[in-house]
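Have a look at query32.txt; it's compact mmCIF, C-alpha atoms and all ligand atoms:
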```txt
# COMPACT_ATOMS: atom_id res chain seq x y z
CA MET A 298 5.61 -19.08 55.40
CA LEU A 299 4.29 -16.05 57.23
CA LEU A 300 2.82 -13.48 54.87
CA VAL A 301 1.99 -9.98 56.08
CA SER A 302 0.17 -8.32 53.21
CA ASN A 303 -0.60 -4.62 52.98
CA VAL A 304 -1.43 -4.39 56.69
CA SER A 305 -2.64 -1.09 58.15
CA PHE A 306 -3.76 -0.53 61.71
CA SER A 307 -4.54 2.46 63.91
CA TYR A 308 -5.35 2.80 67.60
CA LYS A 309 -7.14 6.12 67.09
CA CYS A 310 -7.00 8.30 63.99
CA ASP A 311 -3.33 8.29 62.99
CA LYS A 312 -2.07 5.17 61.27
CA THR A 313 0.21 3.20 63.60
CA LEU A 314 1.02 0.68 60.87
CA CYS A 315 0.77 1.75 57.24
CA LYS A 316 0.60 -0.75 54.36
CA VAL A 317 3.13 -3.11 55.94
CA THR A 318 4.06 -5.98 53.62
CA PHE A 319 6.72 -8.70 54.03
CA SER A 320 7.07 -12.44 54.20
CA ILE A 321 9.09 -14.74 56.44
CA LYS A 322 10.05 -18.32 55.57
CA LYS A 323 9.57 -21.14 58.05
CA GLY A 324 12.48 -21.40 60.49
CA GLN A 325 13.86 -17.96 59.71
CA HIS A 326 14.93 -15.48 62.36
CA VAL A 327 13.74 -11.97 61.55
CA SER A 328 14.32 -8.78 63.53
CA ILE A 329 11.96 -5.83 63.52
CA LEU A 330 14.24 -2.89 64.16
CA GLY A 331 13.13 0.68 64.79
CA GLU A 332 13.31 3.47 67.27
CA SER A 333 10.87 3.71 70.15
CA GLY A 334 7.32 4.45 68.92
CA SER A 335 7.94 3.19 65.39
CA GLY A 336 5.29 0.46 65.72
CA LYS A 337 7.33 -2.67 66.55
CA SER A 338 5.16 -3.85 69.45
CA THR A 339 1.99 -3.11 67.50
CA LEU A 340 3.25 -5.16 64.56
CA LEU A 341 3.92 -8.17 66.82
CA LYS A 342 0.44 -7.80 68.34
CA VAL A 343 -1.30 -7.81 64.97
CA ILE A 344 0.78 -10.79 63.79
CA TYR A 345 -0.33 -12.67 66.93
CA GLY A 346 -3.95 -11.64 66.36
CA LEU A 347 -4.46 -9.31 69.32
CA GLU A 348 -5.85 -6.47 67.21
CA ASP A 349 -8.29 -6.25 64.30
CA LEU A 350 -6.71 -4.90 61.12
CA ASN A 351 -8.09 -1.87 59.29
CA GLU A 352 -6.71 -3.17 56.04
CA GLY A 353 -4.68 -6.11 54.73
CA GLU A 354 -4.26 -9.75 55.71
CA ILE A 355 -1.85 -11.98 57.58
CA PHE A 356 -1.37 -15.66 56.73
CA TRP A 357 0.66 -18.48 58.25
CA ASN A 358 0.76 -20.97 55.36
CA GLU A 359 -2.95 -21.32 54.50
CA THR A 360 -4.23 -20.16 57.91
CA VAL A 361 -5.44 -16.59 58.15
CA VAL A 362 -4.63 -14.72 61.38
CA LEU A 363 -7.85 -13.50 62.99
CA GLY A 364 -8.24 -10.58 65.38
CA PRO A 365 -10.36 -10.54 68.57
CA LYS A 366 -13.56 -9.72 66.63
CA PHE A 367 -13.34 -13.09 64.86
CA ASN A 368 -11.47 -15.21 67.38
CA LEU A 369 -12.89 -15.95 70.83
CA VAL A 370 -9.49 -16.67 72.40
CA PRO A 371 -7.10 -13.86 71.47
CA GLY A 372 -3.82 -14.98 69.92
CA MET A 373 -3.22 -17.77 67.41
CA SER A 374 -2.54 -21.15 69.03
CA PHE A 375 0.52 -22.03 66.90
CA MET A 376 2.35 -18.89 68.00
CA LYS A 377 3.71 -17.76 71.35
CA TYR A 378 4.13 -14.12 72.16
CA LEU A 379 6.50 -12.67 74.75
CA ALA A 380 5.03 -9.29 75.60
CA GLN A 381 7.17 -6.35 76.64
CA ASP A 382 5.62 -6.61 80.15
CA PHE A 383 6.06 -10.46 80.35
CA ASP A 384 2.62 -11.21 81.83
CA LEU A 385 3.72 -13.78 84.48
CA MET A 386 1.69 -15.04 87.45
CA PRO A 387 3.28 -13.47 90.54
CA TYR A 388 1.96 -15.78 93.28
CA ILE A 389 3.15 -19.10 91.86
CA THR A 390 6.72 -20.35 91.52
CA VAL A 391 9.15 -20.02 88.66
CA SER A 392 8.68 -23.72 87.74
CA GLU A 393 4.91 -23.47 87.82
CA ASN A 394 5.01 -20.43 85.55
CA ILE A 395 7.26 -22.18 83.05
CA GLY A 396 5.04 -25.26 83.10
CA LYS A 397 1.82 -23.29 82.73
CA PHE A 398 1.26 -24.28 79.09
CA LEU A 399 2.59 -27.84 79.45
CA SER A 400 0.22 -30.77 79.73
CA ASN A 401 -0.06 -32.65 83.05
CA PHE A 402 -0.67 -35.89 81.22
CA TYR A 403 2.94 -37.08 81.60
CA PRO A 404 4.13 -35.42 84.86
CA GLU A 405 7.67 -36.80 84.55
CA ASN A 406 8.11 -35.44 81.04
CA LYS A 407 6.75 -32.13 82.23
CA GLN A 408 9.27 -31.90 85.08
CA GLU A 409 12.10 -32.89 82.75
CA ARG A 410 11.11 -30.21 80.27
CA ILE A 411 10.89 -27.54 82.99
CA LYS A 412 14.36 -28.54 84.20
CA GLU A 413 15.78 -28.21 80.70
CA LEU A 414 14.22 -24.76 80.25
CA LEU A 415 15.40 -23.57 83.68
CA GLN A 416 18.93 -24.48 82.63
CA LEU A 417 18.57 -22.73 79.29
CA VAL A 418 17.67 -19.40 80.93
CA GLU A 419 20.02 -19.99 83.89
CA MET A 420 17.27 -19.94 86.52
CA THR A 421 17.65 -23.42 88.05
CA ALA A 422 18.49 -21.98 91.47
CA PHE A 423 15.17 -20.09 91.53
CA SER A 424 12.97 -22.99 90.55
CA ASP A 425 10.80 -22.88 93.71
CA VAL A 426 10.79 -19.12 94.27
CA LYS A 427 7.55 -17.21 93.79
CA VAL A 428 7.79 -14.90 90.79
CA LYS A 429 6.83 -11.82 92.80
CA TYR A 430 10.20 -11.99 94.62
CA LEU A 431 12.26 -11.89 91.41
CA SER A 432 14.06 -8.93 89.83
CA GLY A 433 12.91 -7.59 86.45
CA GLY A 434 15.68 -9.40 84.61
CA GLN A 435 14.90 -12.69 86.35
CA MET A 436 11.21 -12.35 85.49
CA GLN A 437 12.13 -11.76 81.88
CA ARG A 438 14.17 -14.98 81.85
CA VAL A 439 11.22 -16.94 83.26
CA ALA A 440 8.94 -15.40 80.64
CA ILE A 441 11.35 -16.47 77.87
CA ALA A 442 11.39 -20.04 79.21
CA ARG A 443 7.61 -20.10 79.37
CA VAL A 444 7.09 -19.18 75.71
CA LEU A 445 9.70 -21.76 74.65
CA ALA A 446 8.04 -24.54 76.66
CA LEU A 447 5.58 -25.72 74.03
CA GLU A 448 7.83 -25.33 70.98
CA PRO A 449 5.38 -23.21 69.00
CA GLU A 450 5.75 -22.79 65.23
CA ILE A 451 6.32 -19.06 65.57
CA LEU A 452 7.84 -17.15 68.47
CA LEU A 453 7.18 -13.43 68.77
CA PHE A 454 9.64 -11.73 71.13
CA ASP A 455 9.12 -8.10 72.12
CA GLU A 456 12.45 -6.65 73.33
CA PRO A 457 13.27 -10.01 74.98
CA PHE A 458 16.47 -8.99 76.79
CA SER A 459 15.64 -5.40 77.69
CA HIS A 460 15.78 -5.98 81.47
CA ILE A 461 18.79 -8.31 81.51
CA ASP A 462 22.31 -7.24 82.60
CA ASN A 463 24.98 -7.01 79.93
CA SER A 464 27.06 -9.69 81.70
CA ARG A 465 24.35 -12.27 81.16
CA LYS A 466 22.71 -10.92 78.03
CA ASN A 467 25.20 -12.20 75.44
CA ASN A 468 25.14 -15.74 76.76
CA LEU A 469 21.39 -15.84 77.10
CA ARG A 470 20.85 -14.41 73.64
CA ARG A 471 23.05 -17.12 72.13
CA SER A 472 21.33 -19.89 74.12
CA VAL A 473 17.77 -18.80 73.35
CA PHE A 474 18.21 -17.92 69.68
CA ASN A 475 20.35 -20.99 68.90
CA TYR A 476 17.80 -23.17 70.68
CA ALA A 477 14.97 -21.76 68.54
CA LYS A 478 17.05 -22.22 65.39
CA GLU A 479 17.84 -25.86 66.25
CA LYS A 480 14.16 -26.58 66.79
CA GLY A 481 13.25 -24.90 63.50
CA VAL A 482 11.00 -22.34 65.22
CA THR A 483 10.34 -19.18 63.22
CA CYS A 484 11.44 -16.21 65.36
CA ILE A 485 10.32 -12.61 65.03
CA VAL A 486 12.12 -10.28 67.42
CA ALA A 487 11.21 -6.64 67.97
CA THR A 488 14.27 -4.77 69.17
CA HIS A 489 16.16 -1.50 69.10
CA ASP A 490 19.39 -3.31 70.02
CA MET A 491 21.67 -3.83 67.04
CA ASP A 492 23.41 -6.78 68.73
CA ASP A 493 20.08 -8.62 68.81
CA ALA A 494 19.54 -7.83 65.17
CA LEU A 495 22.94 -8.15 63.48
CA SER A 496 24.24 -11.42 64.89
CA PHE A 497 21.19 -13.64 64.62
CA SER A 498 18.84 -12.42 61.90
CA ASP A 499 18.36 -13.93 58.50
CA LYS A 500 16.63 -10.67 57.69
CA ILE A 501 16.07 -7.28 59.34
CA ILE A 502 12.91 -5.27 58.74
CA VAL A 503 13.26 -1.60 59.67
CA LEU A 504 10.16 0.33 60.76
CA LYS A 505 9.80 4.09 60.92
CA ASN A 506 6.50 5.74 61.78
CA GLY A 507 4.67 2.49 61.08
CA LYS A 508 6.15 2.02 57.60
CA VAL A 509 8.73 -0.51 56.42
CA ILE A 510 11.73 1.55 55.26
CA ALA A 511 14.17 -1.33 54.70
CA GLU A 512 14.13 -5.12 54.49
CA GLU A 513 17.59 -6.66 54.04
CA THR A 514 20.06 -9.18 55.36
CA PRO A 515 22.10 -7.77 58.30
CA ASP A 516 25.24 -7.53 56.18
CA THR A 517 23.57 -5.63 53.32
CA LEU A 518 21.73 -3.33 55.71
CA PHE A 519 24.85 -2.42 57.70
CA ASN A 520 26.99 -1.82 54.63
CA SER A 521 24.57 -0.20 52.19
CA LYS A 522 24.31 3.06 54.17
CA ASP A 523 21.82 4.61 51.77
CA ASN A 524 19.40 5.79 54.45
CA VAL A 525 20.41 7.87 57.47
CA ASP A 526 17.41 6.65 59.51
CA VAL A 527 18.58 3.08 59.06
CA ALA A 528 22.28 3.77 59.64
CA LYS A 529 21.46 5.68 62.87
CA LEU A 530 20.09 2.48 64.40
CA PHE A 531 23.61 1.05 64.33
CA GLY A 532 25.11 3.89 66.40
CA ASP A 533 26.70 7.25 65.65
CA ILE A 534 26.75 8.08 61.97
CA ASN A 535 28.32 10.99 60.08
CA VAL A 536 26.84 12.70 57.05
CA ILE A 537 29.86 14.12 55.20
CA ASP A 538 30.10 15.76 51.78
CA SER A 539 32.31 13.77 49.40
CA VAL A 540 34.47 16.80 48.59
CA PHE A 541 35.89 16.58 52.13
CA LEU A 542 36.89 13.01 51.35
CA GLY A 543 38.90 13.98 48.28
CA GLU A 544 36.24 13.44 45.65
CA LEU A 545 35.31 16.03 43.05
CA ILE A 546 31.55 15.66 43.14
CA ASN A 547 29.25 17.09 45.78
CA ASN A 548 27.47 14.15 47.34
CA LYS A 549 26.46 13.45 50.94
CA GLN A 550 27.93 10.21 52.26
CA LEU A 551 27.06 8.25 55.40
CA ILE A 552 30.23 7.28 57.24
CA TYR A 553 30.51 5.27 60.45
CA PRO A 554 33.06 6.62 62.99
CA PHE A 555 35.28 3.53 62.59
CA GLU A 556 35.68 4.26 58.86
CA LEU A 557 37.71 7.44 59.45
CA GLU A 558 41.36 7.72 60.48
CA ILE A 559 43.97 10.43 61.04
CA THR A 560 46.23 11.25 58.11
CA GLU A 561 49.07 13.73 57.33
CA GLN A 562 47.10 16.00 55.06
CA SER A 563 43.57 16.01 53.57
CA LYS A 564 40.57 18.22 52.81
CA LEU A 565 38.94 17.14 56.07
CA ARG A 566 40.52 19.19 58.83
CA ILE A 567 38.93 18.83 62.26
CA GLU A 568 39.29 20.35 65.71
CA VAL A 569 38.80 18.02 68.67
CA LEU A 570 35.93 18.79 71.04
CA ASN A 571 35.75 15.69 73.27
CA SER A 572 37.26 12.23 73.66
CA TYR A 573 35.04 9.45 75.04
CA TYR A 574 36.77 6.32 76.34
CA LYS A 575 35.27 3.12 74.84
CA GLY A 576 37.63 0.48 76.25
CA ARG A 577 39.39 -0.56 73.05
CA ASN A 578 39.65 3.01 71.75
CA TYR A 579 38.29 6.52 72.03
CA LEU A 580 35.32 8.01 70.23
CA ILE A 581 36.39 11.52 69.27
CA GLU A 582 33.83 14.27 68.80
CA ALA A 583 35.16 17.00 66.53
CA LYS A 584 34.07 20.00 64.55
CA TYR A 585 34.85 20.68 60.91
CA ASP A 586 33.73 23.24 58.32
CA GLU A 587 30.23 21.81 57.98
CA GLY A 588 29.42 20.79 61.56
CA ILE A 589 30.18 18.01 64.00
CA LEU A 590 31.55 14.53 63.27
CA PHE A 591 32.72 11.45 65.17
CA PHE A 592 35.67 9.15 64.55
CA GLU A 593 37.52 6.44 66.44
CA ASN A 594 41.13 6.75 67.56
CA VAL A 595 43.39 4.51 69.68
CA ASN A 596 44.60 7.43 71.80
CA LYS A 597 42.84 10.25 73.56
CA LEU A 598 43.15 13.61 71.80
CA ALA A 599 43.30 16.95 73.60
CA ARG A 600 40.47 19.42 73.21
CA GLY A 601 41.41 22.01 70.59
CA GLU A 602 43.92 19.74 68.83
CA GLN A 603 43.68 19.94 65.04
CA VAL A 604 44.25 16.96 62.74
CA PHE A 605 43.33 15.76 59.25
CA LEU A 606 41.09 12.76 58.56
CA LYS A 607 40.62 10.39 55.64
CA LEU A 608 38.56 7.33 54.86
CA LYS A 609 40.35 4.15 55.86
CA ASP A 610 41.61 2.16 52.88
P1 LIG A 701 7.41 0.53 69.56
O1 LIG A 701 7.16 -0.83 70.09
O2 LIG A 701 8.20 0.55 68.28
O3 LIG A 701 8.04 1.43 70.58
P2 LIG A 701 4.52 0.78 69.60
O4 LIG A 701 3.98 -0.22 68.64
O5 LIG A 701 4.45 0.45 71.05
O6 LIG A 701 6.00 1.18 69.15
O7 LIG A 701 3.75 2.14 69.39
C1 LIG A 701 3.55 2.75 68.12
C2 LIG A 701 2.66 3.96 68.29
O8 LIG A 701 1.36 3.57 68.71
C3 LIG A 701 3.18 4.95 69.34
O9 LIG A 701 2.94 6.24 68.88
C4 LIG A 701 2.34 4.63 70.55
O10 LIG A 701 2.18 5.76 71.36
C5 LIG A 701 1.01 4.19 69.95
N1 LIG A 701 0.31 3.19 70.78
C6 LIG A 701 0.82 2.02 71.20
N2 LIG A 701 -0.10 1.32 71.92
C7 LIG A 701 -1.22 2.08 71.95
C8 LIG A 701 -2.53 1.90 72.52
N3 LIG A 701 -2.87 0.80 73.19
N4 LIG A 701 -3.42 2.92 72.33
C9 LIG A 701 -3.11 4.02 71.64
N5 LIG A 701 -1.89 4.24 71.07
C10 LIG A 701 -0.96 3.30 71.21
MG MG A 702 7.63 -1.69 71.92
```
If you convert what's in this file into C-alpha cells, what do you get?
Amino acid sequence: MLLVSNVSFSYKCDKTLCKVTFSIKKGQHVSILGESGSGKSTLLKVIYGLEDLNEGEIFWNETVVLGPKFNLVPGMSFMKYLAQDFDLMPYITVSENIGKFLSNFYPENKQERIKELLQLVEMTAFSDVKVKYLSGGQMQRVAIARVLALEPEILLFDEPFSHIDNSRKNNLRRSVFNYAKEKGVTCIVATHDMDDALSFSDKIIVLKNGKVIAEETPDTLFNSKDNVDVAKLFGDINVIDSVFLGELINNKQLIYPFELEITEQSKLRIEVLNSYYKGRNYLIEAKYDEGILFFENVNKLARGEQVFLKLKD
C-alpha cells in the first residue's frame, strides 16, 4: 500500500501541497484530478522522491520515500515516473530509448520485450528512428513504453496522453491502462482529462490549491455533485435554485446540461442565446431569471426562442 500522510511541500513561501493525506492499495489505478496549477505534478514528484517534504511522510509498504537530501539517486527504484516533458534521449533511436532501463544480460529477451512495447504504443514502424525526428505525440508514446519496460511496482504518469491525437488516444489509453492492470502495477495518473479519470480509476483524488477536496470512486464523484469545483472538472455545470425546478425550498443545485430537457410549462423559462453543435446533439446556452445556463437538445434552437425546462425524469 502507498500511504501519503499529512504531506506539505512548498517551492518558495506559499504552500504548494497542504496536509495531503490518502492511501492507495497495491494494483489500484488512481487519478489525481485538478485544474492547471492545483499541484498534481508536484504531488507526483514528491511521491517519487524528487523533492524534500516540509512536513509529513510517504510510505510504500514499510519503505519510506526519501527526498534528494537523503537519497543519492533521486527517485525510488521501485517506481517509474513519466514526467510531463518525457525526458527522452534525442540522439538515439526509439528502440534504444525504450530499452534504456532493460538489462543487456539476455539480449534476445531484451529485443523481444522492446518489440512487445513498440506494439503496445503503436510505434513499431519507428523502431530505428532517432527520437529527435519524432512529433510530440510520438515522443510521448515512446516515453510511455520506456516507463513500462521494467514493470515497476508503481507507475506515476503525469498527463500521459496530453500530446496525442484524439484518434489514437482512446485506443492507447485502453492498451496502456489495461496492460498495467493485468500486470498488477499500481498506477497514479495526474490528469485534467475526465476520460482518463472516469473510465479507468478505482479512485479519483481531486486537488485544488494543493489541498485534497474529494477522494471518491468515479461513479460517486460524478453523481454526488456536492461541490462545484469538483463538478466543473467534468464539463459545463449549472448552479440552479431548486425553486426553478419546482421545489418549494430555496437551495442551490448543481445540474449537468444533459439532466435538463424542454417541457410544456415550468418555473424555468429560458431564452436561447447560442446553439453549439456537438455531433450527437446541441449544447444550448440560454439566459433565465438568475443568469446563464446550459442544456442539451437534439435540435438547434434559434437565438431569442423561449422555452421551458425541467429536470429529466
Ligand atoms: P499542476 O501539475 O496541477 O498544473 P504543479 O504541481 O505543476 O500543478 O504546480 C503547482 C504550483 O506550484 C503552481 O502554482 C506552480 O506555479 C508552482 N510550481 C511548480 N513547479 C515549481 C517550481 N519548480 N518552482 C516554483 N514553483 C513551482
Ligand atoms: Mg502538471
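Picture a line from atom CA of A:Gln435 to atom O4 of ligand LIG 701 (chain A); it runs 24.3 Å.
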For the atom pair atom CA of A:Ser539 and atom CA of A:Arg566, what is the interatomic distance in Å to one decimal place?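 Separation of atom CA of A:Ser539 and atom CA of A:Arg566: 13.6 Å.
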Which residues are near A:Phe531? Cut-off 8 Å, all atoms listed in the file, ignore same chain within fewer than 4 positions. Put them as a PDB file with C-alpha atoms, in the frame of the given file.
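Final output, saved to result_7.pdb:
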```
ATOM      1  CA  MET A 491      21.670  -3.830  67.040  1.00  0.00           C
ATOM      2  CA  PHE A 519      24.850  -2.420  57.700  1.00  0.00           C
ATOM      3  CA  VAL A 527      18.580   3.080  59.060  1.00  0.00           C
TER       4      VAL A 527
END
```
Starting from 4 Å padding per side, set up an axis-aligned box that covers all listed atoms of stretch 589-601 of chain A and hand over centre and edge lengths in Å, one decimal, as JSON.
```
{"center_x": 37.4, "center_y": 13.3, "center_z": 68.4, "size_x": 22.4, "size_y": 25.5, "size_z": 18.3}
```
Calculated over only C-alpha atoms, which of the candidates A:Lys337, A:Lys309, A:Lys316, A:Lys366 has the smallest distance to A:Val503?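 For A:Val503, the nearest of the given residues is A:Lys337.
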Please determine, counting all atoms listed in the file, which residue among A:Asn524, A:Ile321, A:Leu414, A:Met376 has the shortest atom-to-atom distance to A:Asp499.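 Closest to A:Asp499 of all the choices is A:Ile321.
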Identify, counting only C-alpha atoms and all ligand atoms, the protein, DNA and RNA residues located within 8 Å of ligand MG 702 (chain A), and give them as a PyMOL selection string. chain A and resi 333-334+336-339+381+455-456+487-488
Of the candidates A:Ile534, A:Leu504, A:Ile546, A:Leu300, which shows the shortest atom-to-atom distance to ligand LIG 701 (chain A), using all atoms listed in the file? A:Leu504
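Distance annotation: of A:Asn351, A:Gln603, A:Asn506, A:Asn368, the residue with the minimal separation from ligand LIG 701 (chain A) is A:Asn506; atom set is all atoms listed in the file.
Among A:Val370, A:Ser464, A:Tyr378, A:Gly324, the residue with the shortest atom-to-atom distance to A:Lys342, counting all atoms listed in the file, is A:Tyr378.
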When you count only C-alpha atoms, which of these residues is closest to A:Phe541: A:Lys607, A:Asn571, A:Glu479, A:Thr517?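 When distances to A:Phe541 are compared using only C-alpha atoms, the smallest one comes from A:Lys607.
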Need the shell around A:Ser432: protein/DNA/RNA residues with any atom at most 12 Å away, counting all atoms listed in the file. Skip same-chain ones fewer than 3 positions apart. Format as a PDB file with C-alpha atoms, keeping the file's coordinate frame?
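The result, stored in around-v9.pdb:
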```pdb
ATOM      1  CA  PRO A 387       3.280 -13.470  90.540  1.00  0.00           C
ATOM      2  CA  MET A 420      17.270 -19.940  86.520  1.00  0.00           C
ATOM      3  CA  PHE A 423      15.170 -20.090  91.530  1.00  0.00           C
ATOM      4  CA  VAL A 426      10.790 -19.120  94.270  1.00  0.00           C
ATOM      5  CA  LYS A 427       7.550 -17.210  93.790  1.00  0.00           C
ATOM      6  CA  VAL A 428       7.790 -14.900  90.790  1.00  0.00           C
ATOM      7  CA  LYS A 429       6.830 -11.820  92.800  1.00  0.00           C
ATOM      8  CA  GLN A 435      14.900 -12.690  86.350  1.00  0.00           C
ATOM      9  CA  MET A 436      11.210 -12.350  85.490  1.00  0.00           C
ATOM     10  CA  GLN A 437      12.130 -11.760  81.880  1.00  0.00           C
ATOM     11  CA  ARG A 438      14.170 -14.980  81.850  1.00  0.00           C
ATOM     12  CA  VAL A 439      11.220 -16.940  83.260  1.00  0.00           C
ATOM     13  CA  HIS A 460      15.780  -5.980  81.470  1.00  0.00           C
ATOM     14  CA  ILE A 461      18.790  -8.310  81.510  1.00  0.00           C
ATOM     15  CA  ASP A 462      22.310  -7.240  82.600  1.00  0.00           C
TER      16      ASP A 462
END
```
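Summary of the local environment: counting all atoms listed in the file, residues at most 6 Å from A:Phe375, other than itself and those fewer than 2 positions away along its chain, are Met373, Pro449 and Glu450 of chain A.
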Just the number, please: distance in Å from atom CA of A:Ser472 to atom CA of A:Cys484, one decimal. 13.7 Å
Selection as a list in words: residues within 10 Å of (1.3, -8.3, 53.6), counting all atoms listed in the file: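 Residues close enough to count: Leu299, Leu300, Val301, Ser302, Asn303, Val304, Ser305, Lys316, Val317, Thr318, Phe319, Ser320, Glu352, Gly353, Glu354, Ile355 and Phe356 of chain A.
Non-sequential neighbours of A:Lys323 (distance at most 10 Å, separation of 4 or more positions within a chain, all atoms listed in the file) are A:Met298, A:Leu299, A:Trp357, A:Asn358, A:Glu450, A:Ile451, A:Gly481, A:Val482, A:Thr483, A:Cys484.
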Around the point (21.9, -9.8, 60.7) (coordinates from the file), which residues reach within 9 Å if we count all atoms listed in the file? Answer as a PDB file with C-alpha atoms, keeping the file's coordinate frame.
```
ATOM      1  CA  VAL A 327      13.740 -11.970  61.550  1.00  0.00           C
ATOM      2  CA  SER A 328      14.320  -8.780  63.530  1.00  0.00           C
ATOM      3  CA  MET A 491      21.670  -3.830  67.040  1.00  0.00           C
ATOM      4  CA  ASP A 492      23.410  -6.780  68.730  1.00  0.00           C
ATOM      5  CA  ASP A 493      20.080  -8.620  68.810  1.00  0.00           C
ATOM      6  CA  ALA A 494      19.540  -7.830  65.170  1.00  0.00           C
ATOM      7  CA  LEU A 495      22.940  -8.150  63.480  1.00  0.00           C
ATOM      8  CA  SER A 496      24.240 -11.420  64.890  1.00  0.00           C
ATOM      9  CA  PHE A 497      21.190 -13.640  64.620  1.00  0.00           C
ATOM     10  CA  SER A 498      18.840 -12.420  61.900  1.00  0.00           C
ATOM     11  CA  ASP A 499      18.360 -13.930  58.500  1.00  0.00           C
ATOM     12  CA  LYS A 500      16.630 -10.670  57.690  1.00  0.00           C
ATOM     13  CA  ILE A 501      16.070  -7.280  59.340  1.00  0.00           C
ATOM     14  CA  GLU A 513      17.590  -6.660  54.040  1.00  0.00           C
ATOM     15  CA  THR A 514      20.060  -9.180  55.360  1.00  0.00           C
ATOM     16  CA  PRO A 515      22.100  -7.770  58.300  1.00  0.00           C
ATOM     17  CA  ASP A 516      25.240  -7.530  56.180  1.00  0.00           C
ATOM     18  CA  THR A 517      23.570  -5.630  53.320  1.00  0.00           C
ATOM     19  CA  LEU A 518      21.730  -3.330  55.710  1.00  0.00           C
ATOM     20  CA  PHE A 519      24.850  -2.420  57.700  1.00  0.00           C
TER      21      PHE A 519
END
```
Residue completion, stretch 426-438 of chain A, N, CA, C and O atoms, as a CSV table (one decimal), keeping the file's coordinate frame:
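What follows is the written file out-v4.csv:
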```csv
chain,number,residue,atom,x,y,z
A,426,VAL,N,11.0,-20.5,93.7
A,426,VAL,CA,10.8,-19.1,94.3
A,426,VAL,C,9.6,-18.5,93.6
A,426,VAL,O,9.4,-18.7,92.4
A,427,LYS,N,8.7,-17.9,94.4
A,427,LYS,CA,7.6,-17.2,93.8
A,427,LYS,C,8.0,-16.0,92.9
A,427,LYS,O,8.9,-15.3,93.3
A,428,VAL,N,7.4,-15.9,91.8
A,428,VAL,CA,7.8,-14.9,90.8
A,428,VAL,C,7.8,-13.5,91.3
A,428,VAL,O,8.6,-12.7,91.0
A,429,LYS,N,6.9,-13.2,92.3
A,429,LYS,CA,6.8,-11.8,92.8
A,429,LYS,C,8.1,-11.4,93.5
A,429,LYS,O,8.4,-10.2,93.7
A,430,TYR,N,9.0,-12.3,93.9
A,430,TYR,CA,10.2,-12.0,94.6
A,430,TYR,C,11.4,-11.8,93.7
A,430,TYR,O,12.5,-11.5,94.1
A,431,LEU,N,11.2,-12.0,92.4
A,431,LEU,CA,12.3,-11.9,91.4
A,431,LEU,C,12.5,-10.4,90.9
A,431,LEU,O,11.6,-9.6,91.0
A,432,SER,N,13.7,-10.2,90.4
A,432,SER,CA,14.1,-8.9,89.8
A,432,SER,C,13.5,-8.9,88.4
A,432,SER,O,13.1,-9.9,87.9
A,433,GLY,N,13.5,-7.7,87.8
A,433,GLY,CA,12.9,-7.6,86.4
A,433,GLY,C,13.6,-8.5,85.4
A,433,GLY,O,12.9,-9.1,84.6
A,434,GLY,N,14.9,-8.6,85.6
A,434,GLY,CA,15.7,-9.4,84.6
A,434,GLY,C,15.4,-10.9,84.8
A,434,GLY,O,15.3,-11.6,83.8
A,435,GLN,N,15.2,-11.3,86.1
A,435,GLN,CA,14.9,-12.7,86.4
A,435,GLN,C,13.5,-13.0,85.8
A,435,GLN,O,13.3,-14.1,85.2
A,436,MET,N,12.6,-12.1,86.0
A,436,MET,CA,11.2,-12.4,85.5
A,436,MET,C,11.2,-12.5,84.0
A,436,MET,O,10.6,-13.4,83.4
A,437,GLN,N,12.1,-11.7,83.3
A,437,GLN,CA,12.1,-11.8,81.9
A,437,GLN,C,12.7,-13.1,81.4
A,437,GLN,O,12.2,-13.7,80.5
A,438,ARG,N,13.6,-13.7,82.2
A,438,ARG,CA,14.2,-15.0,81.8
A,438,ARG,C,13.1,-16.1,82.0
A,438,ARG,O,13.0,-17.0,81.2
```
